[in-house]
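Colleague: See query.pdb below, with PDB, C-alpha atoms.
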ATOM      1  CA  MET A 166     -79.954  -3.947-204.829
ATOM      2  CA  ARG A 167     -81.473  -0.569-205.613
ATOM      3  CA  SER A 168     -79.850   2.557-204.163
ATOM      4  CA  VAL A 169     -81.590   5.924-204.306
ATOM      5  CA  VAL A 170     -80.581   9.425-203.287
ATOM      6  CA  LEU A 171     -83.070  11.371-201.194
ATOM      7  CA  ILE A 172     -82.469  15.116-200.980
ATOM      8  CA  PRO A 173     -84.306  16.799-198.082
ATOM      9  CA  ALA A 174     -85.378  20.263-199.227
ATOM     10  CA  ARG A 175     -87.414  22.308-196.757
ATOM     11  CA  TYR A 176     -88.766  25.636-197.978
ATOM     12  CA  GLY A 177     -89.532  26.933-194.489
ATOM     13  CA  SER A 178     -85.961  27.166-193.213
ATOM     14  CA  SER A 179     -85.861  29.375-190.124
ATOM     15  CA  ARG A 180     -82.480  30.910-191.033
ATOM     16  CA  TYR A 181     -83.019  31.134-194.794
ATOM     17  CA  PRO A 182     -86.614  30.685-196.040
ATOM     18  CA  GLY A 183     -86.761  29.324-199.575
ATOM     19  CA  LYS A 184     -83.112  28.245-199.432
ATOM     20  CA  PRO A 185     -83.408  25.226-201.781
ATOM     21  CA  LEU A 186     -84.517  27.555-204.580
ATOM     22  CA  VAL A 187     -81.751  30.143-204.129
ATOM     23  CA  ASN A 188     -80.164  30.957-207.477
ATOM     24  CA  LEU A 189     -76.573  29.756-207.877
ATOM     25  CA  LEU A 190     -74.939  30.590-211.210
ATOM     26  CA  GLY A 191     -78.345  30.785-212.863
ATOM     27  CA  LYS A 192     -79.881  27.603-211.430
ATOM     28  CA  PRO A 193     -81.802  26.730-208.232
ATOM     29  CA  MET A 194     -79.475  25.162-205.667
ATOM     30  CA  VAL A 195     -81.573  22.002-205.260
ATOM     31  CA  LEU A 196     -81.131  21.252-208.970
ATOM     32  CA  TRP A 197     -77.336  21.481-208.687
ATOM     33  CA  VAL A 198     -77.478  18.868-205.924
ATOM     34  CA  ALA A 199     -79.887  16.698-207.916
ATOM     35  CA  GLU A 200     -77.650  16.800-211.000
ATOM     36  CA  LEU A 201     -74.548  15.801-209.050
ATOM     37  CA  SER A 202     -76.493  13.023-207.317
ATOM     38  CA  ALA A 203     -77.696  11.772-210.704
ATOM     39  CA  LYS A 204     -74.076  11.402-211.805
ATOM     40  CA  ALA A 205     -73.669   8.908-208.960
ATOM     41  CA  VAL A 206     -76.872   6.851-209.067
ATOM     42  CA  GLY A 207     -78.703   7.859-212.242
ATOM     43  CA  LYS A 208     -81.453  10.449-212.683
ATOM     44  CA  GLU A 209     -84.196   7.860-212.201
ATOM     45  CA  ASN A 210     -82.866   7.160-208.688
ATOM     46  CA  VAL A 211     -82.855  10.759-207.413
ATOM     47  CA  TYR A 212     -85.740  12.115-205.336
ATOM     48  CA  VAL A 213     -86.284  15.445-203.590
ATOM     49  CA  ALA A 214     -88.216  15.163-200.311
ATOM     50  CA  THR A 215     -90.050  18.400-199.582
ATOM     51  CA  GLU A 216     -93.072  19.943-197.903
ATOM     52  CA  SER A 217     -93.253  22.660-200.550
ATOM     53  CA  GLU A 218     -95.318  22.577-203.735
ATOM     54  CA  CYS A 219     -93.060  25.340-205.118
ATOM     55  CA  ILE A 220     -89.954  23.180-204.729
ATOM     56  CA  ALA A 221     -91.765  20.138-206.122
ATOM     57  CA  GLU A 222     -92.786  22.077-209.227
ATOM     58  CA  VAL A 223     -89.226  23.249-209.915
ATOM     59  CA  VAL A 224     -87.835  19.745-209.387
ATOM     60  CA  GLU A 225     -90.387  18.048-211.608
ATOM     61  CA  ALA A 226     -90.050  20.680-214.350
ATOM     62  CA  ALA A 227     -86.366  19.743-214.513
ATOM     63  CA  GLY A 228     -87.229  16.065-214.914
ATOM     64  CA  TYR A 229     -86.540  14.929-211.360
ATOM     65  CA  GLN A 230     -88.899  13.258-208.917
ATOM     66  CA  ALA A 231     -90.369  15.017-205.888
ATOM     67  CA  VAL A 232     -91.808  13.268-202.843
ATOM     68  CA  MET A 233     -94.178  15.246-200.653
ATOM     69  CA  THR A 234     -93.649  15.123-196.884
ATOM     70  CA  THR A 235     -95.319  16.897-193.973
ATOM     71  CA  ASP A 236     -94.300  20.280-192.635
ATOM     72  CA  ASP A 237     -93.737  18.985-189.098
ATOM     73  CA  ALA A 238     -90.798  16.606-189.674
ATOM     74  CA  LEU A 239     -88.431  16.984-186.704
ATOM     75  CA  THR A 240     -85.262  16.715-188.800
ATOM     76  CA  GLY A 241     -84.125  16.039-192.335
ATOM     77  CA  THR A 242     -83.737  12.353-191.448
ATOM     78  CA  ASP A 243     -87.338  12.239-190.200
ATOM     79  CA  ARG A 244     -88.348  13.789-193.533
ATOM     80  CA  LEU A 245     -86.418  11.081-195.352
ATOM     81  CA  ALA A 246     -88.172   8.428-193.300
ATOM     82  CA  GLN A 247     -91.498   9.777-194.565
ATOM     83  CA  ALA A 248     -90.222   9.784-198.138
ATOM     84  CA  ALA A 249     -88.820   6.245-197.892
ATOM     85  CA  GLU A 250     -92.313   4.933-197.197
ATOM     86  CA  GLN A 251     -93.208   6.017-200.740
ATOM     87  CA  ILE A 252     -90.114   4.676-202.547
ATOM     88  CA  ASP A 253     -89.092   1.052-203.017
ATOM     89  CA  ALA A 254     -85.339   0.699-202.519
ATOM     90  CA  ASP A 255     -82.746  -1.217-200.526
ATOM     91  CA  ILE A 256     -80.460   1.715-199.656
ATOM     92  CA  TYR A 257     -81.516   5.320-199.088
ATOM     93  CA  ILE A 258     -78.709   7.880-199.353
ATOM     94  CA  ASN A 259     -79.241  11.288-197.799
ATOM     95  CA  VAL A 260     -77.509  14.082-199.708
ATOM     96  CA  GLN A 261     -78.041  17.520-198.206
ATOM     97  CA  GLY A 262     -79.908  19.963-200.442
ATOM     98  CA  ASP A 263     -77.685  22.912-199.494
ATOM     99  CA  GLU A 264     -74.331  21.474-200.640
ATOM    100  CA  PRO A 265     -74.031  22.094-204.392
ATOM    101  CA  LEU A 266     -70.380  21.017-204.376
ATOM    102  CA  VAL A 267     -71.018  17.451-203.257
ATOM    103  CA  ASP A 268     -68.781  14.972-205.076
ATOM    104  CA  PRO A 269     -70.592  12.068-206.826
ATOM    105  CA  ILE A 270     -67.607   9.871-205.978
ATOM    106  CA  ASP A 271     -68.248  10.453-202.273
ATOM    107  CA  ILE A 272     -71.897   9.496-202.701
ATOM    108  CA  LEU A 273     -70.750   6.202-204.205
ATOM    109  CA  LYS A 274     -68.185   5.664-201.429
ATOM    110  CA  VAL A 275     -70.945   5.972-198.829
ATOM    111  CA  ARG A 276     -73.210   3.668-200.855
ATOM    112  CA  ASP A 277     -70.494   1.037-201.226
ATOM    113  CA  ALA A 278     -69.727   1.143-197.508
ATOM    114  CA  LYS A 279     -73.405   0.501-196.845
ATOM    115  CA  LEU A 280     -73.429  -2.437-199.248
ATOM    116  CA  ASP A 281     -70.523  -3.909-197.283
ATOM    117  CA  ASN A 282     -72.116  -3.150-193.882
ATOM    118  CA  MET A 283     -75.878  -3.385-194.282
ATOM    119  CA  SER A 284     -76.500  -3.530-190.526
ATOM    120  CA  ASP A 285     -74.683  -0.218-189.892
ATOM    121  CA  VAL A 286     -75.689   3.370-190.555
ATOM    122  CA  ILE A 287     -73.062   5.040-192.763
ATOM    123  CA  ASN A 288     -71.967   8.689-192.459
ATOM    124  CA  GLY A 289     -69.229  10.656-194.200
ATOM    125  CA  PHE A 290     -66.392  12.555-192.534
ATOM    126  CA  SER A 291     -63.386  14.622-193.561
ATOM    127  CA  TRP A 292     -60.557  16.329-191.712
ATOM    128  CA  VAL A 293     -60.928  19.897-190.468
ATOM    129  CA  SER A 294     -58.626  22.014-192.635
ATOM    130  CA  ASP A 295     -56.088  24.588-191.479
ATOM    131  CA  GLU A 296     -58.460  27.308-192.724
ATOM    132  CA  GLU A 297     -61.265  26.082-190.458
ATOM    133  CA  ASP A 298     -61.683  26.627-186.727
ATOM    134  CA  PRO A 299     -62.334  23.357-184.877
ATOM    135  CA  HIS A 300     -63.941  25.408-182.101
ATOM    136  CA  SER A 301     -66.666  26.704-184.429
ATOM    137  CA  VAL A 302     -70.107  25.493-183.353
ATOM    138  CA  ASN A 303     -71.060  25.317-187.035
ATOM    139  CA  ILE A 304     -68.708  22.355-187.547
ATOM    140  CA  PRO A 305     -69.873  19.080-185.939
ATOM    141  CA  LYS A 306     -66.737  17.291-184.786
ATOM    142  CA  VAL A 307     -66.620  13.508-185.057
ATOM    143  CA  ILE A 308     -65.102  11.248-182.423
ATOM    144  CA  THR A 309     -64.540   7.695-183.581
ATOM    145  CA  THR A 310     -62.699   4.558-182.598
ATOM    146  CA  GLU A 311     -59.550   3.820-184.578
ATOM    147  CA  ASN A 312     -61.613   1.728-187.021
ATOM    148  CA  ASN A 313     -63.960   4.693-187.662
ATOM    149  CA  THR A 314     -66.939   3.565-185.620
ATOM    150  CA  LEU A 315     -68.773   6.567-184.176
ATOM    151  CA  VAL A 316     -68.329   7.254-180.476
ATOM    152  CA  TYR A 317     -69.856  10.752-180.393
ATOM    153  CA  MET A 318     -70.345  13.986-182.326
ATOM    154  CA  SER A 319     -70.157  17.432-180.802
ATOM    155  CA  ARG A 320     -70.107  21.110-181.689
ATOM    156  CA  VAL A 321     -67.251  21.623-179.232
ATOM    157  CA  ALA A 322     -63.696  20.626-180.177
ATOM    158  CA  LEU A 323     -63.279  16.963-179.253
ATOM    159  CA  PRO A 324     -61.398  14.867-178.305
ATOM    160  CA  GLY A 325     -60.356  16.854-175.288
ATOM    161  CA  PHE A 326     -57.014  16.655-173.500
ATOM    162  CA  LYS A 327     -55.549  17.159-170.029
ATOM    163  CA  ASP A 328     -52.037  18.056-171.118
ATOM    164  CA  GLN A 329     -51.242  20.266-174.123
ATOM    165  CA  LYS A 330     -48.706  17.742-175.362
ATOM    166  CA  CYS A 331     -51.564  15.237-175.716
ATOM    167  CA  ALA A 332     -53.756  17.555-177.813
ATOM    168  CA  PRO A 333     -55.036  16.022-181.050
ATOM    169  CA  VAL A 334     -53.033  16.914-184.145
ATOM    170  CA  ARG A 335     -56.214  17.289-186.207
ATOM    171  CA  TYR A 336     -59.964  16.882-185.914
ATOM    172  CA  LYS A 337     -62.553  14.971-187.888
ATOM    173  CA  LYS A 338     -65.756  16.690-188.982
ATOM    174  CA  GLN A 339     -69.072  15.340-190.178
ATOM    175  CA  VAL A 340     -69.887  15.346-193.891
ATOM    176  CA  CYS A 341     -73.640  15.120-194.363
ATOM    177  CA  ILE A 342     -73.909  12.148-196.690
ATOM    178  CA  TYR A 343     -75.656   9.229-194.987
ATOM    179  CA  ALA A 344     -76.871   5.757-195.995
ATOM    180  CA  PHE A 345     -79.759   3.895-194.373
ATOM    181  CA  THR A 346     -82.176   1.058-194.905
ATOM    182  CA  ARG A 347     -85.905   1.732-194.736
ATOM    183  CA  GLU A 348     -86.068  -0.118-191.420
ATOM    184  CA  GLU A 349     -83.375   2.130-189.927
ATOM    185  CA  LEU A 350     -85.250   5.230-191.051
ATOM    186  CA  GLN A 351     -88.517   3.898-189.674
ATOM    187  CA  SER A 352     -86.897   3.154-186.307
ATOM    188  CA  PHE A 353     -85.362   6.624-186.242
ATOM    189  CA  ARG A 354     -88.722   8.270-186.854
ATOM    190  CA  SER A 355     -90.614   6.014-184.453
ATOM    191  CA  PHE A 356     -88.335   7.201-181.629
ATOM    192  CA  GLY A 357     -90.869  10.020-181.693
ATOM    193  CA  ARG A 358     -88.720  12.884-180.430
ATOM    194  CA  LYS A 359     -85.224  14.289-180.427
ATOM    195  CA  SER A 360     -82.986  12.538-177.928
ATOM    196  CA  GLU A 361     -81.477  14.655-175.146
ATOM    197  CA  LEU A 362     -78.018  14.695-176.742
ATOM    198  CA  GLU A 363     -79.484  15.340-180.177
ATOM    199  CA  HIS A 364     -81.465  18.268-178.785
ATOM    200  CA  SER A 365     -78.435  19.792-177.031
ATOM    201  CA  GLU A 366     -75.958  19.373-179.884
ATOM    202  CA  ASP A 367     -78.477  19.814-182.717
ATOM    203  CA  ILE A 368     -76.921  16.813-184.475
ATOM    204  CA  GLU A 369     -79.580  14.320-185.510
ATOM    205  CA  ILE A 370     -77.257  11.353-186.103
ATOM    206  CA  LEU A 371     -76.846  11.143-182.309
ATOM    207  CA  ARG A 372     -80.349   9.696-182.072
ATOM    208  CA  PHE A 373     -79.001   6.456-183.520
ATOM    209  CA  LEU A 374     -76.688   6.069-180.507
ATOM    210  CA  GLU A 375     -79.754   6.062-178.239
ATOM    211  CA  MET A 376     -81.061   3.243-180.440
ATOM    212  CA  ASP A 377     -77.831   1.224-179.917
ATOM    213  CA  LYS A 378     -77.153   1.483-183.631
ATOM    214  CA  THR A 379     -73.606   1.287-184.971
ATOM    215  CA  VAL A 380     -72.673   4.302-187.094
ATOM    216  CA  ARG A 381     -69.727   3.699-189.395
ATOM    217  CA  LEU A 382     -67.771   6.690-190.735
ATOM    218  CA  VAL A 383     -66.349   6.830-194.265
ATOM    219  CA  GLU A 384     -63.733   9.395-195.277
ATOM    220  CA  THR A 385     -64.733  11.758-198.078
ATOM    221  CA  LYS A 386     -62.890  14.591-199.756
ATOM    222  CA  PRO A 387     -62.581  17.888-197.869
ATOM    223  CA  GLY A 388     -63.717  21.248-199.147
ATOM    224  CA  SER A 389     -67.474  20.928-199.550
ATOM    225  CA  LEU A 390     -69.328  24.175-198.814
ATOM    226  CA  ALA A 391     -72.935  24.627-197.737
ATOM    227  CA  VAL A 392     -75.312  27.559-198.101
ATOM    228  CA  ASP A 393     -76.585  28.182-194.575
ATOM    229  CA  ILE A 394     -77.319  31.916-194.780
ATOM    230  CA  PRO A 395     -77.555  34.479-197.631
ATOM    231  CA  ASP A 396     -73.970  35.614-197.030
ATOM    232  CA  ASP A 397     -72.766  32.138-198.073
ATOM    233  CA  VAL A 398     -74.054  32.463-201.651
ATOM    234  CA  ALA A 399     -71.149  34.488-203.076
ATOM    235  CA  LYS A 400     -68.409  32.243-201.654
ATOM    236  CA  VAL A 401     -70.207  29.077-202.774
ATOM    237  CA  GLU A 402     -70.637  30.483-206.298
ATOM    238  CA  ALA A 403     -66.941  31.346-206.342
ATOM    239  CA  ALA A 404     -66.045  27.802-205.305
ATOM    240  CA  MET A 405     -68.361  26.399-207.973
ATOM    241  CA  ARG A 406     -66.675  28.478-210.660
ATOM    242  CA  LYS A 407     -63.271  27.309-209.416
ATOM    243  CA  VAL A 408     -64.172  23.658-210.008
ATOM    244  CA  GLY A 409     -65.730  24.374-213.402
ATOM    245  CA  LEU A 410     -69.430  24.311-212.562
ATOM    246  CA  GLY A 411     -71.776  26.736-214.248
TER
END
What's the structure tokens form of this structure?
Modeller:
Amino acid sequence: MRSVVLIPARYGSSRYPGKPLVNLLGKPMVLWVAELSAKAVGKENVYVATESECIAEVVEAAGYQAVMTTDDALTGTDRLAQAAEQIDADIYINVQGDEPLVDPIDILKVRDAKLDNMSDVINGFSWVSDEEDPHSVNIPKVITTENNTLVYMSRVALPGFKDQKCAPVRYKKQVCIYAFTREELQSFRSFGRKSELEHSEDIEILRFLEMDKTVRLVETKPGSLAVDIPDDVAKVEAAMRKVGLG
């Protein structure tokens, strides 16, 4: 079975236009992600899905494959659904284009979980660290059953509690590595809109719950950092140096 990594890379980010091409330690961020993805699945199985000719040119000049999508994709997963129509594979793995510290081992863990559960959508999670605030709206919290089937995701700190002595000891958070089949991506896109919960929380994986789709969570390593705004660049570069990148 063929597994490919699709990296959604939108130039027209509202918070950080041109973000995929931001320079990190002398290299565009999207290429860092592509290189780490290639360590997991091989360079020939890595694609960057983008609406931007500028991004496509940079990707292709580095020897990677770009897939052109429209500018009006509702979410990164909708963009991947467009890209999957142009690529023949059995498993499509979404690796976010703004996380240059993604671990290739985690990509393979998500892929292997999909191979074992082809009828389920697979999503990564890790535990919120002591340095992170579970009440931050920038951290999607993950609520699962005890066997790691998704119940809900929220930007508020969940699960809740009535009595302080029943408060959770720690919280799970979403890690944005996903695995889908083409049919799952097509169904997601054909929903045609953001679901009400997806719109409120701004968490696209919630659309699958409206589709009665099982989402299975797989634990990945903690510590991945994303570039969301320009102020994130320095701390991400520092973290990259710490792990020997660059």
Colleague: When the PyMOL selection byres ((chain A and resi 174-187) around 8) is applied to the structure above, which residues does it catch, written out as number ranges by chain?
Modeller: A: 172-173, 188-189, 192-195, 213-217, 220, 261-263, 392-395
Colleague: Considering all atoms listed in the file, return as a list in words whatever protein or nucleic-acid residues lie within 6 Å of segment 281-292 of chain A, sequence-local ones (same chain, fewer than 6 positions apart) excluded.
Modeller: Tyr336, Lys337, Lys338, Gln339, Val340, Ile342, Tyr343, Ala344, Phe345, Thr379, Val380, Arg381, Leu382, Val383, Glu384, Thr385 and Pro387 of chain A
Colleague: Okay, now the selection with C-alpha atoms, as a tab-separated table (two decimals), in the coordinates of the input?
Modeller:
chain	number	residue	atom	x	y	z
A	336	TYR	CA	-59.96	16.88	-185.91
A	337	LYS	CA	-62.55	14.97	-187.89
A	338	LYS	CA	-65.76	16.69	-188.98
A	339	GLN	CA	-69.07	15.34	-190.18
A	340	VAL	CA	-69.89	15.35	-193.89
A	342	ILE	CA	-73.91	12.15	-196.69
A	343	TYR	CA	-75.66	9.23	-194.99
A	344	ALA	CA	-76.87	5.76	-196.00
A	345	PHE	CA	-79.76	3.90	-194.37
A	379	THR	CA	-73.61	1.29	-184.97
A	380	VAL	CA	-72.67	4.30	-187.09
A	381	ARG	CA	-69.73	3.70	-189.40
A	382	LEU	CA	-67.77	6.69	-190.74
A	383	VAL	CA	-66.35	6.83	-194.26
A	384	GLU	CA	-63.73	9.40	-195.28
A	385	THR	CA	-64.73	11.76	-198.08
A	387	PRO	CA	-62.58	17.89	-197.87
Colleague: Write out as CSV the residues of segment 179-265 of chain A that have any atom within 9 Å of an atom of segment 356-378 of chain A, one row each with the nearest atom pair and its distance in Å to one decimal, counting only C-alpha atoms, sorted by chain and then rising number.
Modeller:
residue,atom,partner,partner_atom,distance
A:Leu239,CA,A:Arg358,CA,7.5
A:Thr240,CA,A:Glu369,CA,7.0
A:Gly241,CA,A:Glu369,CA,8.4
A:Thr242,CA,A:Glu369,CA,7.5
Colleague: Pick out the closest residue to Arg320 of chain A from this set: A:Ala403, A:Leu273, A:Ala246, A:Ile304. Count only C-alpha atoms.
Modeller: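 Among the listed residues, the smallest separation from Arg320 of chain A belongs to A:Ile304.
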Colleague: Please expand the PyMOL selection byres ((chain A and resi 203-207) around 8) into the concrete residues it hits in this file, giving the result as a ChimeraX atom specification.
Modeller: /A:168-170,199-202,208-211,269-270,272-273
Colleague: Which value, in Å to one decimal, gives the distance between atom CA of Val293 of chain A and atom CA of Leu266 of chain A?
Modeller: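 These atoms are spaced 16.9 Å apart.
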Colleague: Hey, can I get the axis-aligned box for segment 361-369 of chain A? All listed atoms, 8 Å padding on each side, centre and edge lengths in Å to one decimal, as lines of an AutoDock Vina configuration file.
Modeller:
center_x = -78.7
center_y = 17.1
center_z = -180.3
size_x = 21.5
size_y = 21.5
size_z = 26.4
